[in-house]
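Okay, input33.pdb now, which holds PDB, C-alpha atoms and all ligand atoms:
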ATOM      1  CA  MET F  26      17.853 -75.264 -22.999  1.00  0.00           C
ATOM      2  CA  ARG F  27      14.699 -76.003 -24.986  1.00  0.00           C
ATOM      3  CA  ILE F  28      11.876 -76.764 -22.539  1.00  0.00           C
ATOM      4  CA  ILE F  29       8.723 -78.443 -23.874  1.00  0.00           C
ATOM      5  CA  ALA F  30       5.599 -80.155 -22.491  1.00  0.00           C
ATOM      6  CA  VAL F  31       4.191 -83.260 -24.183  1.00  0.00           C
ATOM      7  CA  ARG F  32       1.470 -85.827 -23.411  1.00  0.00           C
ATOM      8  CA  GLY F  33       2.722 -89.401 -22.993  1.00  0.00           C
ATOM      9  CA  ASP F  34       4.143 -92.264 -20.954  1.00  0.00           C
ATOM     10  CA  ILE F  35       7.549 -91.271 -19.615  1.00  0.00           C
ATOM     11  CA  THR F  36       8.807 -94.893 -19.763  1.00  0.00           C
ATOM     12  CA  GLU F  37       8.705 -94.558 -23.571  1.00  0.00           C
ATOM     13  CA  ALA F  38      10.562 -91.230 -23.702  1.00  0.00           C
ATOM     14  CA  ASP F  39      13.535 -91.395 -26.058  1.00  0.00           C
ATOM     15  CA  VAL F  40      15.864 -89.226 -23.966  1.00  0.00           C
ATOM     16  CA  ASP F  41      19.196 -89.698 -22.172  1.00  0.00           C
ATOM     17  CA  VAL F  42      17.671 -89.324 -18.671  1.00  0.00           C
ATOM     18  CA  VAL F  43      14.209 -90.168 -17.346  1.00  0.00           C
ATOM     19  CA  VAL F  44      13.496 -88.646 -13.928  1.00  0.00           C
ATOM     20  CA  ASN F  45      11.538 -90.816 -11.494  1.00  0.00           C
ATOM     21  CA  ALA F  46       9.106 -89.435  -8.893  1.00  0.00           C
ATOM     22  CA  ALA F  47      10.336 -91.845  -6.230  1.00  0.00           C
ATOM     23  CA  ASN F  48      10.134 -91.839  -2.439  1.00  0.00           C
ATOM     24  CA  PRO F  49      12.990 -91.576   0.065  1.00  0.00           C
ATOM     25  CA  GLY F  50      13.121 -95.379   0.437  1.00  0.00           C
ATOM     26  CA  LEU F  51      13.984 -95.813  -3.259  1.00  0.00           C
ATOM     27  CA  LEU F  52      12.504 -99.319  -3.388  1.00  0.00           C
ATOM     28  CA  GLY F  53       9.709 -98.604  -5.864  1.00  0.00           C
ATOM     29  CA  GLY F  54       6.035 -97.825  -5.455  1.00  0.00           C
ATOM     30  CA  GLY F  55       3.015 -96.986  -7.580  1.00  0.00           C
ATOM     31  CA  GLY F  56       2.474 -94.250 -10.160  1.00  0.00           C
ATOM     32  CA  VAL F  57       5.411 -93.302 -12.332  1.00  0.00           C
ATOM     33  CA  ASP F  58       7.793 -95.055  -9.889  1.00  0.00           C
ATOM     34  CA  GLY F  59       5.996 -98.345 -10.451  1.00  0.00           C
ATOM     35  CA  ALA F  60       5.821 -97.787 -14.214  1.00  0.00           C
ATOM     36  CA  ILE F  61       9.563 -97.104 -14.481  1.00  0.00           C
ATOM     37  CA  HIS F  62      10.539-100.183 -12.446  1.00  0.00           C
ATOM     38  CA  ARG F  63       8.088-102.396 -14.363  1.00  0.00           C
ATOM     39  CA  ALA F  64       9.261-101.209 -17.792  1.00  0.00           C
ATOM     40  CA  GLY F  65      12.945-100.853 -16.885  1.00  0.00           C
ATOM     41  CA  GLY F  66      13.280-104.165 -15.112  1.00  0.00           C
ATOM     42  CA  PRO F  67      15.167-105.398 -12.023  1.00  0.00           C
ATOM     43  CA  ALA F  68      18.499-103.776 -12.896  1.00  0.00           C
ATOM     44  CA  ILE F  69      17.069-100.433 -11.772  1.00  0.00           C
ATOM     45  CA  LEU F  70      16.050-101.741  -8.337  1.00  0.00           C
ATOM     46  CA  ALA F  71      19.435-103.434  -7.921  1.00  0.00           C
ATOM     47  CA  GLU F  72      21.179-100.095  -8.424  1.00  0.00           C
ATOM     48  CA  CYS F  73      18.673 -98.324  -6.157  1.00  0.00           C
ATOM     49  CA  ARG F  74      19.642-100.737  -3.377  1.00  0.00           C
ATOM     50  CA  ALA F  75      23.326 -99.938  -3.997  1.00  0.00           C
ATOM     51  CA  ALA F  76      22.582 -96.193  -3.987  1.00  0.00           C
ATOM     52  CA  LYS F  77      20.694 -96.557  -0.681  1.00  0.00           C
ATOM     53  CA  ARG F  78      23.807 -97.918   1.019  1.00  0.00           C
ATOM     54  CA  ALA F  79      25.568 -94.616   0.324  1.00  0.00           C
ATOM     55  CA  LEU F  80      22.673 -92.499   1.704  1.00  0.00           C
ATOM     56  CA  PRO F  81      22.236 -91.268   5.298  1.00  0.00           C
ATOM     57  CA  ASP F  82      20.015 -93.900   7.039  1.00  0.00           C
ATOM     58  CA  GLY F  83      19.499 -95.408   3.554  1.00  0.00           C
ATOM     59  CA  LEU F  84      17.034 -92.640   2.704  1.00  0.00           C
ATOM     60  CA  LEU F  85      17.148 -90.103  -0.138  1.00  0.00           C
ATOM     61  CA  PRO F  86      16.463 -86.648   1.332  1.00  0.00           C
ATOM     62  CA  ARG F  87      13.447 -84.986  -0.322  1.00  0.00           C
ATOM     63  CA  GLY F  88      14.606 -82.562  -3.011  1.00  0.00           C
ATOM     64  CA  LYS F  89      17.787 -84.556  -3.715  1.00  0.00           C
ATOM     65  CA  ALA F  90      18.465 -86.920  -6.654  1.00  0.00           C
ATOM     66  CA  VAL F  91      20.491 -90.059  -7.413  1.00  0.00           C
ATOM     67  CA  PRO F  92      21.214 -91.784 -10.773  1.00  0.00           C
ATOM     68  CA  THR F  93      20.894 -95.442 -11.735  1.00  0.00           C
ATOM     69  CA  THR F  94      20.857 -97.422 -14.950  1.00  0.00           C
ATOM     70  CA  ALA F  95      17.655 -97.195 -17.002  1.00  0.00           C
ATOM     71  CA  GLY F  96      17.625-100.969 -17.522  1.00  0.00           C
ATOM     72  CA  ARG F  97      15.396-101.848 -20.497  1.00  0.00           C
ATOM     73  CA  LEU F  98      14.044 -98.279 -20.957  1.00  0.00           C
ATOM     74  CA  PRO F  99      15.053 -96.385 -24.145  1.00  0.00           C
ATOM     75  CA  ALA F 100      16.828 -93.891 -21.864  1.00  0.00           C
ATOM     76  CA  ARG F 101      20.420 -94.360 -20.659  1.00  0.00           C
ATOM     77  CA  TRP F 102      19.841 -93.411 -17.019  1.00  0.00           C
ATOM     78  CA  VAL F 103      17.048 -92.926 -14.508  1.00  0.00           C
ATOM     79  CA  VAL F 104      17.533 -90.095 -12.016  1.00  0.00           C
ATOM     80  CA  HIS F 105      15.444 -90.780  -8.910  1.00  0.00           C
ATOM     81  CA  THR F 106      14.199 -87.860  -6.839  1.00  0.00           C
ATOM     82  CA  ALA F 107      11.822 -87.741  -3.864  1.00  0.00           C
ATOM     83  CA  GLY F 108       9.279 -84.943  -3.990  1.00  0.00           C
ATOM     84  CA  PRO F 109       7.686 -83.193  -1.013  1.00  0.00           C
ATOM     85  CA  ILE F 110       4.211 -84.245   0.106  1.00  0.00           C
ATOM     86  CA  TRP F 111       1.673 -81.430  -0.375  1.00  0.00           C
ATOM     87  CA  SER F 112       0.875 -79.465   2.777  1.00  0.00           C
ATOM     88  CA  ALA F 113      -1.621 -76.609   3.011  1.00  0.00           C
ATOM     89  CA  ALA F 114       0.014 -75.550   6.287  1.00  0.00           C
ATOM     90  CA  GLN F 115       3.666 -75.549   5.235  1.00  0.00           C
ATOM     91  CA  ASP F 116       5.242 -74.035   2.098  1.00  0.00           C
ATOM     92  CA  ARG F 117       7.376 -76.845   0.660  1.00  0.00           C
ATOM     93  CA  SER F 118       7.663 -75.329  -2.839  1.00  0.00           C
ATOM     94  CA  ALA F 119      11.453 -74.819  -2.550  1.00  0.00           C
ATOM     95  CA  VAL F 120      11.854 -78.582  -2.000  1.00  0.00           C
ATOM     96  CA  LEU F 121       9.772 -79.290  -5.111  1.00  0.00           C
ATOM     97  CA  ARG F 122      11.837 -76.848  -7.193  1.00  0.00           C
ATOM     98  CA  SER F 123      14.964 -78.532  -5.848  1.00  0.00           C
ATOM     99  CA  CYS F 124      13.794 -81.908  -7.237  1.00  0.00           C
ATOM    100  CA  TYR F 125      14.054 -80.412 -10.727  1.00  0.00           C
ATOM    101  CA  THR F 126      17.247 -78.420 -10.230  1.00  0.00           C
ATOM    102  CA  GLU F 127      19.052 -81.283  -8.455  1.00  0.00           C
ATOM    103  CA  SER F 128      17.894 -83.865 -11.011  1.00  0.00           C
ATOM    104  CA  LEU F 129      19.224 -81.620 -13.793  1.00  0.00           C
ATOM    105  CA  ARG F 130      22.523 -81.177 -11.937  1.00  0.00           C
ATOM    106  CA  VAL F 131      22.926 -84.976 -11.673  1.00  0.00           C
ATOM    107  CA  ALA F 132      21.890 -85.516 -15.316  1.00  0.00           C
ATOM    108  CA  ASP F 133      24.211 -82.748 -16.553  1.00  0.00           C
ATOM    109  CA  ALA F 134      27.139 -84.243 -14.615  1.00  0.00           C
ATOM    110  CA  LEU F 135      26.496 -87.553 -16.413  1.00  0.00           C
ATOM    111  CA  GLY F 136      26.798 -85.682 -19.738  1.00  0.00           C
ATOM    112  CA  ALA F 137      23.099 -86.074 -20.610  1.00  0.00           C
ATOM    113  CA  ARG F 138      21.763 -83.916 -23.420  1.00  0.00           C
ATOM    114  CA  SER F 139      18.038 -84.586 -22.968  1.00  0.00           C
ATOM    115  CA  VAL F 140      15.989 -85.073 -19.786  1.00  0.00           C
ATOM    116  CA  ALA F 141      12.340 -86.085 -19.314  1.00  0.00           C
ATOM    117  CA  PHE F 142      10.433 -85.189 -16.146  1.00  0.00           C
ATOM    118  CA  PRO F 143       7.036 -86.323 -14.856  1.00  0.00           C
ATOM    119  CA  ALA F 144       4.881 -83.962 -12.793  1.00  0.00           C
ATOM    120  CA  ILE F 145       6.706 -84.653  -9.527  1.00  0.00           C
ATOM    121  CA  SER F 146       4.512 -84.727  -6.371  1.00  0.00           C
ATOM    122  CA  ALA F 147       1.330 -84.127  -8.426  1.00  0.00           C
ATOM    123  CA  GLY F 148      -0.033 -87.660  -7.938  1.00  0.00           C
ATOM    124  CA  VAL F 149       0.067 -89.663  -4.711  1.00  0.00           C
ATOM    125  CA  TYR F 150       1.824 -86.753  -3.011  1.00  0.00           C
ATOM    126  CA  GLY F 151      -1.217 -84.573  -3.656  1.00  0.00           C
ATOM    127  CA  TRP F 152       0.370 -81.384  -5.023  1.00  0.00           C
ATOM    128  CA  PRO F 153      -2.176 -79.294  -6.967  1.00  0.00           C
ATOM    129  CA  ILE F 154      -1.235 -79.668 -10.641  1.00  0.00           C
ATOM    130  CA  GLU F 155      -1.333 -75.925 -11.452  1.00  0.00           C
ATOM    131  CA  ASP F 156       1.277 -75.091  -8.810  1.00  0.00           C
ATOM    132  CA  ALA F 157       3.225 -78.313  -9.478  1.00  0.00           C
ATOM    133  CA  ALA F 158       3.716 -76.999 -13.014  1.00  0.00           C
ATOM    134  CA  VAL F 159       4.748 -73.510 -11.836  1.00  0.00           C
ATOM    135  CA  GLN F 160       7.366 -74.954  -9.458  1.00  0.00           C
ATOM    136  CA  ALA F 161       8.597 -77.413 -12.105  1.00  0.00           C
ATOM    137  CA  VAL F 162       9.212 -74.687 -14.670  1.00  0.00           C
ATOM    138  CA  ALA F 163      10.880 -72.456 -12.061  1.00  0.00           C
ATOM    139  CA  GLY F 164      13.128 -75.296 -10.903  1.00  0.00           C
ATOM    140  CA  VAL F 165      14.220 -76.109 -14.462  1.00  0.00           C
ATOM    141  CA  ARG F 166      14.770 -72.459 -15.427  1.00  0.00           C
ATOM    142  CA  ALA F 167      16.971 -71.989 -12.351  1.00  0.00           C
ATOM    143  CA  PHE F 168      19.531 -74.449 -13.757  1.00  0.00           C
ATOM    144  CA  GLN F 169      22.479 -73.373 -15.975  1.00  0.00           C
ATOM    145  CA  PRO F 170      23.475 -76.496 -17.998  1.00  0.00           C
ATOM    146  CA  GLN F 171      26.847 -77.503 -19.422  1.00  0.00           C
ATOM    147  CA  HIS F 172      25.459 -80.345 -21.549  1.00  0.00           C
ATOM    148  CA  VAL F 173      21.660 -80.559 -21.284  1.00  0.00           C
ATOM    149  CA  THR F 174      19.993 -78.960 -24.322  1.00  0.00           C
ATOM    150  CA  GLU F 175      16.421 -80.306 -24.007  1.00  0.00           C
ATOM    151  CA  VAL F 176      14.051 -80.706 -21.068  1.00  0.00           C
ATOM    152  CA  ARG F 177      10.765 -82.487 -21.755  1.00  0.00           C
ATOM    153  CA  PHE F 178       7.859 -82.529 -19.293  1.00  0.00           C
ATOM    154  CA  VAL F 179       6.007 -85.769 -20.101  1.00  0.00           C
ATOM    155  CA  LEU F 180       2.450 -85.505 -18.798  1.00  0.00           C
ATOM    156  CA  PHE F 181       0.107 -88.413 -18.320  1.00  0.00           C
ATOM    157  CA  ASP F 182      -3.192 -86.568 -18.849  1.00  0.00           C
ATOM    158  CA  ASP F 183      -4.507 -83.483 -20.660  1.00  0.00           C
ATOM    159  CA  ARG F 184      -5.156 -81.521 -17.468  1.00  0.00           C
ATOM    160  CA  ALA F 185      -1.506 -81.826 -16.472  1.00  0.00           C
ATOM    161  CA  LEU F 186      -0.375 -80.988 -20.025  1.00  0.00           C
ATOM    162  CA  GLU F 187      -2.506 -77.823 -20.049  1.00  0.00           C
ATOM    163  CA  ALA F 188      -1.151 -76.766 -16.641  1.00  0.00           C
ATOM    164  CA  PHE F 189       2.432 -77.150 -17.849  1.00  0.00           C
ATOM    165  CA  GLU F 190       1.731 -75.330 -21.119  1.00  0.00           C
ATOM    166  CA  ARG F 191       0.313 -72.417 -19.076  1.00  0.00           C
ATOM    167  CA  ALA F 192       3.323 -72.416 -16.750  1.00  0.00           C
ATOM    168  CA  LEU F 193       5.716 -72.436 -19.737  1.00  0.00           C
ATOM    169  CA  SER F 194       3.908 -69.534 -21.397  1.00  0.00           C
ATOM    170  CA  ASP F 195       4.426 -67.254 -18.347  1.00  0.00           C
TER     171      ASP F 195
HETATM  172  N1  LIG K 201       4.394 -91.372 -17.367  1.00  0.00           N
HETATM  173  C1  LIG K 201       4.303 -90.051 -17.045  1.00  0.00           C
HETATM  174  N2  LIG K 201       3.644 -89.597 -15.953  1.00  0.00           N
HETATM  175  C2  LIG K 201       3.052 -90.521 -15.167  1.00  0.00           C
HETATM  176  C3  LIG K 201       3.102 -91.917 -15.423  1.00  0.00           C
HETATM  177  C4  LIG K 201       3.812 -92.327 -16.588  1.00  0.00           C
HETATM  178  N3  LIG K 201       3.915 -93.627 -16.927  1.00  0.00           N
HETATM  179  N4  LIG K 201       2.404 -92.559 -14.436  1.00  0.00           N
HETATM  180  C5  LIG K 201       1.935 -91.613 -13.610  1.00  0.00           C
HETATM  181  N5  LIG K 201       2.310 -90.373 -14.038  1.00  0.00           N
HETATM  182  C6  LIG K 201       2.017 -89.061 -13.474  1.00  0.00           C
HETATM  183  C7  LIG K 201       0.832 -88.935 -12.557  1.00  0.00           C
HETATM  184  O1  LIG K 201      -0.361 -88.811 -13.312  1.00  0.00           O
HETATM  185  C8  LIG K 201       1.179 -87.652 -11.816  1.00  0.00           C
HETATM  186  O2  LIG K 201       0.794 -86.518 -12.577  1.00  0.00           O
HETATM  187  O3  LIG K 201       3.117 -88.700 -12.661  1.00  0.00           O
HETATM  188  C9  LIG K 201       2.713 -87.668 -11.758  1.00  0.00           C
HETATM  189  C10 LIG K 201       3.298 -87.990 -10.389  1.00  0.00           C
HETATM  190  O4  LIG K 201       2.467 -88.940  -9.735  1.00  0.00           O
HETATM  191  P1  LIG K 201       3.064 -90.132  -8.823  1.00  0.00           P
HETATM  192  O5  LIG K 201       3.688 -91.141  -9.697  1.00  0.00           O
HETATM  193  O6  LIG K 201       1.976 -90.547  -7.914  1.00  0.00           O
HETATM  194  O7  LIG K 201       4.259 -89.437  -7.994  1.00  0.00           O
HETATM  195  P2  LIG K 201       4.194 -88.492  -6.705  1.00  0.00           P
HETATM  196  O8  LIG K 201       2.935 -87.706  -6.624  1.00  0.00           O
HETATM  197  O9  LIG K 201       5.512 -87.748  -6.735  1.00  0.00           O
HETATM  198  O10 LIG K 201       4.183 -89.529  -5.491  1.00  0.00           O
HETATM  199  C11 LIG K 201       5.351 -90.309  -5.268  1.00  0.00           C
HETATM  200  O11 LIG K 201       4.088 -92.316  -5.131  1.00  0.00           O
HETATM  201  O12 LIG K 201       4.421 -94.059  -6.566  1.00  0.00           O
HETATM  202  C12 LIG K 201       4.708 -93.596  -5.319  1.00  0.00           C
HETATM  203  O13 LIG K 201       6.844 -94.568  -4.802  1.00  0.00           O
HETATM  204  C13 LIG K 201       6.188 -93.350  -5.135  1.00  0.00           C
HETATM  205  O14 LIG K 201       5.969 -92.956  -2.792  1.00  0.00           O
HETATM  206  C14 LIG K 201       6.176 -92.327  -4.037  1.00  0.00           C
HETATM  207  C15 LIG K 201       4.971 -91.479  -4.385  1.00  0.00           C
END
Can the structure in the file be given as structure tokens, please?
Amino acid sequence: MRIIAVRGDITEADVDVVVNAANPGLLGGGGVDGAIHRAGGPAILAECRAAKRALPDGLLPRGKAVPTTAGRLPARWVVHTAGPIWSAAQDRSAVLRSCYTESLRVADALGARSVAFPAISAGVYGWPIEDAAVQAVAGVRAFQPQHVTEVRFVLFDDRALEAFERALSD
């Protein structure tokens, strides 16, 4: 798998799968979640509601991932994952890595060849960007794909891009 980091708006990524940094409720929010629902349109939320009905208590466990249509986005699917909230007291890095590995497993099972990720948990969920990048790269590298040939980290600002470039160079 080719793994690259680029600066940009993930809703414009021309890939098979765009990964959404959602929350367990799967009903939208701010940040990249809000951007994906705004750009992708109501079809995404409709399928999130359907996905919720198949989830325990209607909630997506953190570190897990579910697919929906991508609606009006260039992508074919959106894979929604819920990242861990940063905690200085508790090491939740395995859950963050799982967001990447599980999202890739779901995308690969769909037959996707290219997948775009945002910096999961590095916004509202407060994860320090340097370590968010280290966990992201580790989570992606832990996956052995059948179909996926390209993983693209799409970063919204230069600081995040530089953190991911450093993590990829290690
Ligand atoms: N394209 C790419 N990256 C983006 C975009 C975009 N259009 N918009 C925001 N980002 C970046 C942020 O700058 C941050 O680096 O995505 C990263 C993740 O930030 P959040 O979207 O806040 O996601 P997260 O920290 O995982 O928090 C998730 O926030 O929006 C709510 O419903 C969501 O409750 C959930 C929580």
Contacts of chain F with ligand LIG 201 (chain K) up to 10 Å, shortest pair per row, all atoms listed in the file, as JSON lines:
{"residue": "F:Val31", "atom": "CA", "partner": "K:LIG201", "partner_atom": "C1", "distance": 9.9}
{"residue": "F:Arg32", "atom": "CA", "partner": "K:LIG201", "partner_atom": "C1", "distance": 8.1}
{"residue": "F:Gly33", "atom": "CA", "partner": "K:LIG201", "partner_atom": "C1", "distance": 6.2}
{"residue": "F:Asp34", "atom": "CA", "partner": "K:LIG201", "partner_atom": "N1", "distance": 3.7}
{"residue": "F:Ile35", "atom": "CA", "partner": "K:LIG201", "partner_atom": "N1", "distance": 3.9}
{"residue": "F:Thr36", "atom": "CA", "partner": "K:LIG201", "partner_atom": "N3", "distance": 5.8}
{"residue": "F:Glu37", "atom": "CA", "partner": "K:LIG201", "partner_atom": "N1", "distance": 8.2}
{"residue": "F:Ala38", "atom": "CA", "partner": "K:LIG201", "partner_atom": "N1", "distance": 8.8}
{"residue": "F:Val43", "atom": "CA", "partner": "K:LIG201", "partner_atom": "N1", "distance": 9.9}
{"residue": "F:Val44", "atom": "CA", "partner": "K:LIG201", "partner_atom": "C1", "distance": 9.8}
{"residue": "F:Asn45", "atom": "CA", "partner": "K:LIG201", "partner_atom": "O5", "distance": 8.1}
{"residue": "F:Ala46", "atom": "CA", "partner": "K:LIG201", "partner_atom": "O9", "distance": 4.5}
{"residue": "F:Ala47", "atom": "CA", "partner": "K:LIG201", "partner_atom": "C13", "distance": 4.5}
{"residue": "F:Asn48", "atom": "CA", "partner": "K:LIG201", "partner_atom": "C14", "distance": 4.3}
{"residue": "F:Pro49", "atom": "CA", "partner": "K:LIG201", "partner_atom": "O14", "distance": 7.7}
{"residue": "F:Gly50", "atom": "CA", "partner": "K:LIG201", "partner_atom": "O14", "distance": 8.2}
{"residue": "F:Leu51", "atom": "CA", "partner": "K:LIG201", "partner_atom": "O13", "distance": 7.4}
{"residue": "F:Leu52", "atom": "CA", "partner": "K:LIG201", "partner_atom": "O13", "distance": 7.5}
{"residue": "F:Gly53", "atom": "CA", "partner": "K:LIG201", "partner_atom": "O13", "distance": 5.1}
{"residue": "F:Gly54", "atom": "CA", "partner": "K:LIG201", "partner_atom": "O13", "distance": 3.4}
{"residue": "F:Gly55", "atom": "CA", "partner": "K:LIG201", "partner_atom": "O12", "distance": 3.4}
{"residue": "F:Gly56", "atom": "CA", "partner": "K:LIG201", "partner_atom": "O5", "distance": 3.4}
{"residue": "F:Val57", "atom": "CA", "partner": "K:LIG201", "partner_atom": "N4", "distance": 3.7}
{"residue": "F:Asp58", "atom": "CA", "partner": "K:LIG201", "partner_atom": "O12", "distance": 4.8}
{"residue": "F:Gly59", "atom": "CA", "partner": "K:LIG201", "partner_atom": "O12", "distance": 6.0}
{"residue": "F:Ala60", "atom": "CA", "partner": "K:LIG201", "partner_atom": "N3", "distance": 5.3}
{"residue": "F:Ile61", "atom": "CA", "partner": "K:LIG201", "partner_atom": "N3", "distance": 7.1}
{"residue": "F:Ala64", "atom": "CA", "partner": "K:LIG201", "partner_atom": "N3", "distance": 9.3}
{"residue": "F:Thr106", "atom": "CA", "partner": "K:LIG201", "partner_atom": "O9", "distance": 8.7}
{"residue": "F:Ala107", "atom": "CA", "partner": "K:LIG201", "partner_atom": "O9", "distance": 6.9}
{"residue": "F:Gly108", "atom": "CA", "partner": "K:LIG201", "partner_atom": "O9", "distance": 5.4}
{"residue": "F:Pro109", "atom": "CA", "partner": "K:LIG201", "partner_atom": "O9", "distance": 7.6}
{"residue": "F:Ile110", "atom": "CA", "partner": "K:LIG201", "partner_atom": "O8", "distance": 7.7}
{"residue": "F:Trp111", "atom": "CA", "partner": "K:LIG201", "partner_atom": "O8", "distance": 8.9}
{"residue": "F:Leu121", "atom": "CA", "partner": "K:LIG201", "partner_atom": "O9", "distance": 9.6}
{"residue": "F:Ala141", "atom": "CA", "partner": "K:LIG201", "partner_atom": "C1", "distance": 9.2}
{"residue": "F:Phe142", "atom": "CA", "partner": "K:LIG201", "partner_atom": "C1", "distance": 7.9}
{"residue": "F:Pro143", "atom": "CA", "partner": "K:LIG201", "partner_atom": "N2", "distance": 4.8}
{"residue": "F:Ala144", "atom": "CA", "partner": "K:LIG201", "partner_atom": "C9", "distance": 4.4}
{"residue": "F:Ile145", "atom": "CA", "partner": "K:LIG201", "partner_atom": "O9", "distance": 4.3}
{"residue": "F:Ser146", "atom": "CA", "partner": "K:LIG201", "partner_atom": "O9", "distance": 3.2}
{"residue": "F:Ala147", "atom": "CA", "partner": "K:LIG201", "partner_atom": "O8", "distance": 4.3}
{"residue": "F:Gly148", "atom": "CA", "partner": "K:LIG201", "partner_atom": "O8", "distance": 3.2}
{"residue": "F:Val149", "atom": "CA", "partner": "K:LIG201", "partner_atom": "O6", "distance": 3.8}
{"residue": "F:Tyr150", "atom": "CA", "partner": "K:LIG201", "partner_atom": "O8", "distance": 3.9}
{"residue": "F:Gly151", "atom": "CA", "partner": "K:LIG201", "partner_atom": "O8", "distance": 6.0}
{"residue": "F:Trp152", "atom": "CA", "partner": "K:LIG201", "partner_atom": "O8", "distance": 7.0}
{"residue": "F:Pro153", "atom": "CA", "partner": "K:LIG201", "partner_atom": "O2", "distance": 9.6}
{"residue": "F:Ile154", "atom": "CA", "partner": "K:LIG201", "partner_atom": "O2", "distance": 7.4}
{"residue": "F:Ala157", "atom": "CA", "partner": "K:LIG201", "partner_atom": "O2", "distance": 9.1}
{"residue": "F:Ala158", "atom": "CA", "partner": "K:LIG201", "partner_atom": "O2", "distance": 10.0}
{"residue": "F:Phe178", "atom": "CA", "partner": "K:LIG201", "partner_atom": "C1", "distance": 8.6}
{"residue": "F:Val179", "atom": "CA", "partner": "K:LIG201", "partner_atom": "C1", "distance": 5.5}
{"residue": "F:Leu180", "atom": "CA", "partner": "K:LIG201", "partner_atom": "N2", "distance": 5.1}
{"residue": "F:Phe181", "atom": "CA", "partner": "K:LIG201", "partner_atom": "N2", "distance": 4.4}
{"residue": "F:Asp182", "atom": "CA", "partner": "K:LIG201", "partner_atom": "O1", "distance": 6.6}
{"residue": "F:Asp183", "atom": "CA", "partner": "K:LIG201", "partner_atom": "O1", "distance": 10.0}
{"residue": "F:Arg184", "atom": "CA", "partner": "K:LIG201", "partner_atom": "O2", "distance": 9.2}
{"residue": "F:Ala185", "atom": "CA", "partner": "K:LIG201", "partner_atom": "O2", "distance": 6.5}
{"residue": "F:Leu186", "atom": "CA", "partner": "K:LIG201", "partner_atom": "O2", "distance": 9.3}
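If you look at atom CA of Arg101 of chain F and atom CA of Glu72 of chain F, they are 13.5 Å away from each other.
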Box for segment 131-149 of chain F: with edges along x, y and z, all listed atoms inside and 3 Å added on each side, what are the centre and edge lengths in Å to one decimal, as lines of an AutoDock Vina configuration file?
center_x = 13.6
center_y = -86.2
center_z = -14.1
size_x = 33.2
size_y = 12.9
size_z = 24.7
- Atom-to-atom span, atom CA of Arg63 of chain F and atom CA of Val140 of chain F, Å: 19.8 Å
- Item | Two-atom distance - atom CA of Arg177 of chain F, atom CA of Arg27 of chain F (Å) |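 Pair atom CA of Arg177 of chain F / atom CA of Arg27 of chain F returns 8.2 Å.
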- Query: Could you write out as a count of residues only the residues that the PyMOL selection byres (((chain F and resi 125) around 9) and not hetatm) matches in the shown file?
  - Reply: 23
- Could you name the residues that touch Thr174 of chain F at 7 Å or less, counting only C-alpha atoms, but leaving out those on the same chain fewer than 4 positions away, as a PyMOL selection string? chain F and resi 26-27+138-139
- Message: Restricting the calculation to only C-alpha atoms: of F:Gln115, F:Thr94, F:Ser194, F:Gln169, which residue gets closest to Leu70 of chain F?
- Response: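 Ranked by minimum distance to Leu70 of chain F, first place goes to F:Thr94.
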- Query: Which one of F:Lys77, F:Arg117, F:Arg87, F:His62 sits closest to Val103 of chain F if you count only C-alpha atoms?
  - Reply: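 Among F:Lys77, F:Arg117, F:Arg87, F:His62, it is F:His62 that comes nearest to Val103 of chain F.
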- Query: Written as a list in words, which residues does the PyMOL selection byres (((chain F and resi 133) around 7) and not hetatm) give for the file shown?
  - Reply: Leu129, Arg130, Val131, Ala132, Ala134, Leu135, Gly136, Ala137, Pro170, Gln171, His172 and Val173 of chain F
